[in-house]
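Chemist: Supplied structure: target37.tsv, TSV, C-alpha atoms.
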chain	number	residue	atom	x	y	z
W	254	MET	CA	56.29	122.04	141.51
W	255	ALA	CA	55.53	119.05	139.28
W	256	GLY	CA	57.78	120.46	136.59
W	257	ALA	CA	60.65	120.88	139.05
W	258	TRP	CA	60.23	117.28	140.21
W	259	VAL	CA	60.29	115.96	136.64
W	260	TYR	CA	63.41	118.03	135.93
W	261	ALA	CA	65.13	116.74	139.08
W	262	CYS	CA	64.31	113.13	138.20
W	263	ARG	CA	65.89	113.56	134.75
W	264	TRP	CA	68.86	115.73	135.71
W	265	ALA	CA	72.48	114.68	135.22
W	266	PRO	CA	75.71	116.71	135.15
W	267	GLY	CA	76.89	117.90	131.74
W	268	ARG	CA	78.99	115.51	129.71
W	269	ASP	CA	81.28	118.39	128.79
W	270	VAL	CA	82.49	118.42	132.40
W	271	TYR	CA	81.93	114.77	133.35
W	272	PRO	CA	82.23	112.64	130.21
W	273	VAL	CA	82.04	109.27	132.00
W	274	GLN	CA	78.68	108.60	133.67
W	275	GLY	CA	76.80	105.54	134.82
W	276	VAL	CA	74.44	103.89	137.27
W	277	ALA	CA	74.34	101.97	140.52
W	278	VAL	CA	71.40	99.56	140.68
W	279	THR	CA	69.77	97.07	143.02
W	280	ALA	CA	66.84	94.69	142.89
W	281	ASP	CA	64.78	97.44	144.56
W	282	GLY	CA	64.71	99.37	141.29
W	283	GLY	CA	62.86	96.65	139.43
W	284	ALA	CA	63.53	95.04	136.07
W	285	ILE	CA	66.30	96.42	133.85
W	286	ASP	CA	66.57	96.43	130.07
W	287	TRP	CA	70.33	96.43	129.78
W	288	GLY	CA	70.35	96.92	126.03
W	289	THR	CA	68.37	100.14	126.45
W	290	LEU	CA	70.80	101.39	129.10
W	291	ALA	CA	73.78	100.68	126.86
W	292	ALA	CA	72.10	102.47	123.95
W	293	ASN	CA	71.28	105.58	125.99
W	294	GLY	CA	74.62	106.81	127.22
W	295	VAL	CA	75.27	104.68	130.30
W	296	ASP	CA	79.02	104.08	130.40
W	297	PHE	CA	79.19	101.74	133.40
W	298	ALA	CA	76.97	99.98	135.91
W	299	TYR	CA	77.62	99.05	139.51
W	300	ILE	CA	75.35	96.26	140.70
W	301	ARG	CA	74.59	95.47	144.33
W	302	ALA	CA	75.66	91.92	145.14
W	303	ALA	CA	74.97	91.69	148.86
W	304	LYS	CA	73.98	93.48	152.06
W	305	GLY	CA	76.00	92.49	155.09
W	306	LYS	CA	76.59	88.78	155.59
W	307	ASP	CA	73.07	87.49	154.92
W	308	GLY	CA	71.47	89.65	152.26
W	309	ARG	CA	72.27	88.49	148.74
W	310	ASP	CA	70.61	90.79	146.20
W	311	PRO	CA	68.01	88.61	144.44
W	312	ALA	CA	68.59	90.26	141.06
W	313	PHE	CA	72.38	90.22	141.14
W	314	ALA	CA	73.11	87.13	139.04
W	315	ARG	CA	70.64	88.18	136.36
W	316	ASN	CA	71.87	91.77	136.28
W	317	TRP	CA	75.54	90.77	136.29
W	318	SER	CA	75.13	88.45	133.31
W	319	ALA	CA	72.97	90.91	131.38
W	320	ALA	CA	75.27	93.86	132.02
W	321	ARG	CA	78.22	91.87	130.74
W	322	SER	CA	76.33	90.78	127.64
W	323	SER	CA	75.26	94.36	126.91
W	324	GLY	CA	78.85	95.53	126.55
W	325	LEU	CA	78.72	97.92	129.50
W	326	ARG	CA	81.55	98.12	131.98
W	327	TYR	CA	80.28	96.56	135.20
W	328	GLY	CA	81.22	96.04	138.83
W	329	ALA	CA	79.80	94.74	142.10
W	330	VAL	CA	78.81	96.49	145.33
W	331	LEU	CA	78.71	95.22	148.90
W	332	ASP	CA	76.53	97.20	151.31
W	333	PHE	CA	78.50	97.11	154.57
W	334	SER	CA	76.65	96.43	157.82
W	335	LEU	CA	77.69	97.55	161.28
W	336	CYS	CA	75.76	94.56	162.64
W	337	SER	CA	77.95	91.86	161.04
W	338	ARG	CA	81.58	90.88	161.30
W	339	ALA	CA	83.80	91.61	158.34
W	340	ALA	CA	84.71	87.99	157.64
W	341	GLY	CA	81.08	86.97	157.19
W	342	GLN	CA	80.37	89.92	154.90
W	343	ALA	CA	83.44	89.18	152.80
W	344	THR	CA	82.39	85.54	152.48
W	345	ARG	CA	78.92	86.52	151.31
W	346	PHE	CA	80.34	88.92	148.73
W	347	ILE	CA	83.03	86.56	147.46
W	348	THR	CA	80.63	83.65	147.10
W	349	THR	CA	78.11	85.84	145.27
W	350	VAL	CA	80.33	87.63	142.76
W	351	PRO	CA	82.07	85.52	140.08
W	352	ARG	CA	85.78	85.99	139.56
W	353	ASP	CA	85.97	88.20	136.47
W	354	ASN	CA	89.08	90.00	135.31
W	355	ALA	CA	86.98	92.27	133.10
W	356	ALA	CA	84.95	93.62	136.04
W	357	LEU	CA	85.47	97.06	137.51
W	358	PRO	CA	87.03	97.30	140.99
W	359	PRO	CA	84.59	96.22	143.71
W	360	VAL	CA	82.80	98.82	145.81
W	361	ILE	CA	82.07	98.77	149.54
W	362	ARG	CA	79.09	100.99	150.27
W	363	LEU	CA	79.18	102.65	153.70
W	364	ASP	CA	75.88	104.04	154.93
W	365	PHE	CA	73.63	103.56	157.93
W	366	ASP	CA	71.09	100.77	157.60
W	367	PRO	CA	67.84	101.63	159.42
W	368	ASN	CA	67.55	97.94	160.35
W	369	CYS	CA	70.88	98.00	162.21
W	370	VAL	CA	71.07	100.07	165.39
W	371	ALA	CA	74.67	99.15	166.28
W	372	ARG	CA	77.09	102.09	166.43
W	373	PRO	CA	80.54	100.76	167.34
W	374	GLY	CA	83.41	103.13	168.06
W	375	ARG	CA	85.57	104.42	165.22
W	376	ASP	CA	88.55	102.18	166.02
W	377	ALA	CA	86.36	99.08	165.91
W	378	VAL	CA	84.76	100.14	162.62
W	379	LEU	CA	88.12	100.89	160.99
W	380	SER	CA	89.48	97.55	162.15
W	381	GLU	CA	86.55	95.65	160.66
W	382	LEU	CA	86.68	97.64	157.46
W	383	ASN	CA	90.39	97.00	157.02
W	384	THR	CA	89.73	93.29	157.39
W	385	LEU	CA	86.88	93.48	154.88
W	386	VAL	CA	88.93	95.51	152.40
W	387	ASN	CA	91.83	93.06	152.57
W	388	LEU	CA	89.62	90.01	152.07
W	389	VAL	CA	87.69	91.50	149.15
W	390	GLU	CA	90.83	92.81	147.46
W	391	SER	CA	92.64	89.49	147.84
W	392	ASN	CA	89.82	87.78	146.01
W	393	ALA	CA	89.24	90.42	143.34
W	394	GLY	CA	92.88	91.22	142.70
W	395	LYS	CA	91.99	94.94	142.57
W	396	PRO	CA	91.78	97.79	145.10
W	397	VAL	CA	88.27	98.53	146.31
W	398	LEU	CA	86.41	101.83	146.08
W	399	LEU	CA	84.73	103.17	149.20
W	400	ASN	CA	81.30	104.70	148.56
W	401	ILE	CA	80.72	106.67	151.77
W	402	SER	CA	77.54	108.54	152.62
W	403	LYS	CA	77.81	111.96	154.27
W	404	ALA	CA	76.26	110.72	157.52
W	405	PHE	CA	78.64	107.76	157.76
W	406	GLU	CA	81.68	109.90	157.00
W	407	GLU	CA	80.68	112.50	159.58
W	408	GLU	CA	80.34	109.77	162.21
W	409	TYR	CA	83.49	107.77	161.45
W	410	ASP	CA	85.86	109.88	159.28
W	411	ILE	CA	86.61	106.89	157.07
W	412	ALA	CA	88.44	108.93	154.42
W	413	SER	CA	91.31	109.75	156.76
W	414	GLY	CA	91.39	106.25	158.23
W	415	ILE	CA	91.49	104.06	155.13
W	416	ASN	CA	93.44	105.14	152.06
W	417	ARG	CA	91.26	103.98	149.18
W	418	THR	CA	89.59	105.72	146.26
W	419	LEU	CA	86.52	107.65	147.36
W	420	TRP	CA	83.04	107.63	145.88
W	421	LEU	CA	80.91	110.29	147.60
W	422	ASP	CA	77.24	111.27	147.44
W	423	GLY	CA	75.50	114.58	146.90
W	424	ASN	CA	72.39	115.28	144.86
W	425	PHE	CA	72.99	118.02	142.27
W	426	PHE	CA	76.05	119.49	144.00
W	427	PRO	CA	79.58	118.00	144.10
W	428	PRO	CA	80.31	116.72	147.63
W	429	ASP	CA	82.98	118.18	149.88
W	430	TYR	CA	82.45	116.35	153.16
W	431	ALA	CA	85.55	114.11	153.11
W	432	THR	CA	89.14	114.98	153.92
W	433	ARG	CA	90.30	113.74	150.51
W	434	ARG	CA	89.05	114.38	146.99
W	435	TRP	CA	86.53	112.05	145.43
W	436	VAL	CA	86.99	110.12	142.21
W	437	MET	CA	83.31	109.22	141.81
W	438	TRP	CA	80.22	111.21	142.72
W	439	THR	CA	76.59	110.08	143.07
W	440	ALA	CA	75.11	113.16	141.44
W	441	ASN	CA	71.44	112.16	141.48
W	442	ASP	CA	70.02	109.25	143.49
W	443	MET	CA	66.48	109.82	142.20
W	444	ARG	CA	67.18	109.78	138.47
W	445	HIS	CA	64.76	107.99	136.16
W	446	ILE	CA	66.10	106.67	132.87
W	447	ASP	CA	64.79	104.54	130.05
W	448	GLY	CA	65.33	100.85	130.66
W	449	VAL	CA	64.79	100.79	134.44
W	450	ASP	CA	61.47	100.68	136.27
W	451	GLY	CA	62.54	102.63	139.34
W	452	PRO	CA	65.06	105.37	140.15
W	453	VAL	CA	68.79	104.72	139.87
W	454	ARG	CA	71.78	106.21	141.63
W	455	TRP	CA	73.40	108.18	138.82
W	456	GLY	CA	77.14	108.61	139.21
W	457	VAL	CA	79.97	110.36	137.41
W	458	VAL	CA	83.73	109.99	137.31
W	459	ALA	CA	85.91	112.98	138.10
W	460	PRO	CA	87.51	114.40	134.91
Please rewrite the model in this file as structure tokens.
Modeler:
Amino acid sequence: MAGAWVYACRWAPGRDVYPVQGVAVTADGGAIDWGTLAANGVDFAYIRAAKGKDGRDPAFARNWSAARSSGLRYGAVLDFSLCSRAAGQATRFITTVPRDNAALPPVIRLDFDPNCVARPGRDAVLSELNTLVNLVESNAGKPVLLNISKAFEEEYDIASGINRTLWLDGNFFPPDYATRRWVMWTANDMRHIDGVDGPVRWGVVAP
């Protein structure tokens, strides 16, 4: 059992099939040695900037600067909240993330927050998300990616309601829960790699 756990924590899809692979990180994962990540096959890093309208990630500024200095490709993530209006969440994200033409397209992460019990109807959620997408894209000058969890997609069918590039989740097995094909896949959300204290969300780009 211990051997299986160690294997799972180190597993990543083969580079022969998915040559571009990287990480999504937050302050929850602890300190990051960005030089070590860059030297060990990480091609890109997505860094959480904010949660909802109030939760700025305390490590974002440090991670953003260090990722850029390391030579990695880097981008920012906003964890969407069903308990906040889109305008407030967009403001938090825009005021947290520096304007940077070299950055990857921004990501809006859609998952259920255990601290938010609100469950609006689908029309209301799509309306708020469209507002959020438009505000973030206007500031970034790039289309967003939508990183949608299976539970959130099953509840709200976002993929058929908002036409943006999809990033889906699924440990060890490519996901198939959306109505459109994914471009990015979180292949292992428990992966441990050199340079990071805690687990990272390890993602790959579709070939």
Chemist: Nearest residue to Leu399 in chain W out of W:Asp429, W:Asp364, W:Glu381, W:Asp269, using all atoms listed in the file?
Modeler: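 Smallest separation from Leu399 in chain W among the options: W:Asp364.
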Chemist: Rounded to one decimal, what separation in Å do you get between CA of Val278 in chain W and CA of Pro367 in chain W?
Modeler: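 Here the two named atoms are 19.2 Å from each other.
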Chemist: Would you work out the distance separating CA of Thr432 in chain W from CA of Phe333 in chain W, expressed in Å to one decimal?
Modeler: 20.8 Å
Chemist: Could you check how far CA of Ile401 in chain W sits from CA of Leu385 in chain W, in Å to one decimal?
Modeler: 14.9 Å
Chemist: Find the residues around Gly282 in chain W up to 8 Å (all atoms listed in the file counted), leave out those fewer than 2 positions away in its own chain, and share them as a list of chain:residue names.
Modeler: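 In the requested form, the answer reads W:Val278, W:Thr279, W:Ala280, W:Ala284, W:Val449, W:Asp450, W:Gly451, W:Pro452, W:Val453.
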Chemist: Kindly indicate which residue among W:Leu419, W:Leu363, W:Ala257, W:Ala320 lies nearest to Leu398 in chain W, using only C-alpha atoms for the distances.
Modeler: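 Comparing W:Leu419, W:Leu363, W:Ala257, W:Ala320 against Leu398 in chain W, the winner is W:Leu419.
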Chemist: Edge lengths and centre, in Å to one decimal, as AutoDock Vina command-line options: that's what I need for the box along x, y and z that holds all listed atoms of range 444-455 of chain W plus 4 Å on each side.
Modeler:
--center_x 67.4 --center_y 105.2 --center_z 135.8 --size_x 19.9 --size_y 17.1 --size_z 19.6
Chemist: Give the answer as one residue: which of W:Pro460, W:Pro373, W:Pro351, W:Gly324 has the shortest atom-to-atom distance to Val436 in chain W, using only C-alpha atoms?
Modeler: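 When distances to Val436 in chain W are compared using only C-alpha atoms, the smallest one comes from W:Pro460.
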Chemist: Give me the residues within 9 Å of Ala393 in chain W as a list in words, counting only C-alpha atoms and dropping any in the same chain fewer than 4 places off.
Modeler: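 Within the cut-off, the hits are Ile347, Arg352, Asp353, Asn354, Pro358, Pro359, Leu388, Val389 and Val397 of chain W.
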